[in-house]
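**Student:** Got a structure for you, questions after.
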Amino acid sequence: MNRLDGPGNTLAVACVQVTPEIRVNGLRLVRAGNGDLRVYSPNAGGLSVLSFAPAAVAELKSIIIDAYRSETAHDRSSH
């Protein structure tokens, strides 16, 4: 996971091993205007290059948010 500390709503970019044969790179963790955290797939030419079933989206979101929060907590405790 690469955390982004600069301006903008994208908090991090993550890579997730979905199966032993499939790894998804470039999933973006974004804070929406209402404060919710959302995960977006990579884009190419302005189009999303992946789509997932709702259950898969929920699982990916949970994994990415947990990893982000864990890294954020680790950074706070090491300063």
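Naming works like this for the structure tokens: A, B, ... for the chains as they're shown, residue 1 at the start of each chain, ligands 1 onward in shown order.
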Need the shell around segment 5-10 of chain A: protein/DNA/RNA residues with any atom at most 9 Å away, counting only C-alpha atoms. Skip same-chain ones fewer than 4 positions apart. Format as a list in words?
**Tutor:**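 Counting only the stated atoms, we get Arg28, Leu29, Val30, Arg31, Ala32 and Gly33 of chain A.
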**Student:** Once you have the residues from the selection above, write them out as a PDB file, in the first residue's frame, restricted to C-alpha atoms.
**Tutor:**
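The resulting file, result05.pdb, is reproduced below:
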```
ATOM      1  CA  ARG A  28      -7.532   3.644  -4.936  1.00  0.00           C
ATOM      2  CA  LEU A  29      -8.820   4.341  -1.432  1.00  0.00           C
ATOM      3  CA  VAL A  30     -10.736   7.630  -1.645  1.00  0.00           C
ATOM      4  CA  ARG A  31     -12.487   9.744   0.972  1.00  0.00           C
ATOM      5  CA  ALA A  32     -15.837  10.823  -0.477  1.00  0.00           C
ATOM      6  CA  GLY A  33     -17.297  14.279   0.102  1.00  0.00           C
TER       7      GLY A  33
END
```
**Student:** Please return as a VMD selection string: the residues of chain A that backbone DSSP assigns to strand (DSSP E).
**Tutor:** chain A and resid 2 to 3 10 to 19 22 to 31 37 to 40 43 to 44 47 to 48
**Student:** Excluding Gln17 of chain A and any residue of its chain fewer than 4 positions from it, enumerate the residues within 12 Å of it, using only C-alpha atoms, and give them as a list in words.
**Tutor:**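 Near neighbours after the sequence-gap exclusion: Glu21, Ile22, Arg23, Val24, Asn25, Gly26, Leu27, Leu60, Ile63 and Ile64 of chain A.
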**Student:** If you run DSSP on the backbone, which residues of chain A are helix (DSSP H, G or I), as a VMD selection string?
**Tutor:** chain A and resid 54 to 77
**Student:** Using only N, CA, C and O atoms, please write the residues we just selected to a file, as a short mmCIF file (atom, residue, chain, number, x, y, z; two decimals), in the first residue's frame.
**Tutor:**
```
data_model
loop_
_atom_site.label_atom_id
_atom_site.label_comp_id
_atom_site.auth_asym_id
_atom_site.auth_seq_id
_atom_site.Cartn_x
_atom_site.Cartn_y
_atom_site.Cartn_z
N PRO A 54 -20.82 -7.11 -5.91
CA PRO A 54 -20.93 -6.36 -4.66
C PRO A 54 -20.25 -7.02 -3.46
O PRO A 54 -19.61 -6.35 -2.65
N ALA A 55 -20.34 -8.33 -3.34
CA ALA A 55 -19.70 -9.03 -2.21
C ALA A 55 -18.17 -8.90 -2.30
O ALA A 55 -17.50 -8.72 -1.28
N ALA A 56 -17.64 -8.97 -3.50
CA ALA A 56 -16.19 -8.83 -3.68
C ALA A 56 -15.75 -7.40 -3.37
O ALA A 56 -14.70 -7.19 -2.77
N VAL A 57 -16.56 -6.43 -3.77
CA VAL A 57 -16.25 -5.03 -3.47
C VAL A 57 -16.19 -4.83 -1.96
O VAL A 57 -15.26 -4.20 -1.45
N ALA A 58 -17.15 -5.36 -1.24
CA ALA A 58 -17.18 -5.22 0.22
C ALA A 58 -15.94 -5.85 0.85
O ALA A 58 -15.34 -5.26 1.76
N GLU A 59 -15.54 -7.00 0.36
CA GLU A 59 -14.35 -7.67 0.92
C GLU A 59 -13.08 -6.89 0.60
O GLU A 59 -12.23 -6.69 1.47
N LEU A 60 -12.93 -6.45 -0.63
CA LEU A 60 -11.75 -5.66 -1.01
C LEU A 60 -11.68 -4.38 -0.20
O LEU A 60 -10.62 -3.99 0.29
N LYS A 61 -12.82 -3.71 -0.06
CA LYS A 61 -12.86 -2.46 0.70
C LYS A 61 -12.43 -2.70 2.14
O LYS A 61 -11.63 -1.94 2.68
N SER A 62 -12.93 -3.77 2.75
CA SER A 62 -12.57 -4.10 4.13
C SER A 62 -11.06 -4.35 4.26
O SER A 62 -10.41 -3.84 5.18
N ILE A 63 -10.50 -5.12 3.34
CA ILE A 63 -9.06 -5.43 3.37
C ILE A 63 -8.23 -4.17 3.23
O ILE A 63 -7.27 -3.93 3.99
N ILE A 64 -8.59 -3.32 2.27
CA ILE A 64 -7.81 -2.11 2.01
C ILE A 64 -7.94 -1.11 3.15
O ILE A 64 -6.95 -0.53 3.60
N ILE A 65 -9.14 -0.91 3.67
CA ILE A 65 -9.33 0.01 4.78
C ILE A 65 -8.60 -0.48 6.02
O ILE A 65 -7.95 0.31 6.72
N ASP A 66 -8.65 -1.76 6.31
CA ASP A 66 -7.93 -2.31 7.47
C ASP A 66 -6.43 -2.08 7.33
O ASP A 66 -5.76 -1.70 8.29
N ALA A 67 -5.89 -2.32 6.14
CA ALA A 67 -4.45 -2.12 5.91
C ALA A 67 -4.09 -0.64 6.06
O ALA A 67 -3.07 -0.29 6.67
N TYR A 68 -4.92 0.24 5.52
CA TYR A 68 -4.68 1.68 5.63
C TYR A 68 -4.68 2.12 7.09
O TYR A 68 -3.79 2.84 7.54
N ARG A 69 -5.68 1.69 7.83
CA ARG A 69 -5.78 2.08 9.24
C ARG A 69 -4.62 1.52 10.06
O ARG A 69 -4.11 2.17 10.97
N SER A 70 -4.21 0.31 9.74
CA SER A 70 -3.08 -0.30 10.43
C SER A 70 -1.80 0.49 10.19
O SER A 70 -1.04 0.77 11.13
N GLU A 71 -1.56 0.87 8.95
CA GLU A 71 -0.36 1.67 8.63
C GLU A 71 -0.43 3.03 9.27
O GLU A 71 0.57 3.55 9.78
N THR A 72 -1.60 3.64 9.27
CA THR A 72 -1.77 4.96 9.88
C THR A 72 -1.52 4.89 11.37
O THR A 72 -0.82 5.73 11.94
N ALA A 73 -2.04 3.86 12.04
CA ALA A 73 -1.82 3.68 13.48
C ALA A 73 -0.35 3.43 13.77
O ALA A 73 0.20 3.96 14.74
N HIS A 74 0.31 2.65 12.93
CA HIS A 74 1.74 2.35 13.11
C HIS A 74 2.56 3.64 12.99
O HIS A 74 3.47 3.89 13.77
N ASP A 75 2.24 4.47 12.00
CA ASP A 75 2.96 5.72 11.83
C ASP A 75 2.78 6.64 13.03
O ASP A 75 3.73 7.29 13.46
N ARG A 76 1.57 6.68 13.59
CA ARG A 76 1.33 7.54 14.76
C ARG A 76 2.11 7.05 15.97
O ARG A 76 2.63 7.84 16.73
N SER A 77 2.21 5.73 16.15
CA SER A 77 2.89 5.19 17.32
C SER A 77 4.42 5.29 17.21
O SER A 77 5.11 5.24 18.21
#
```
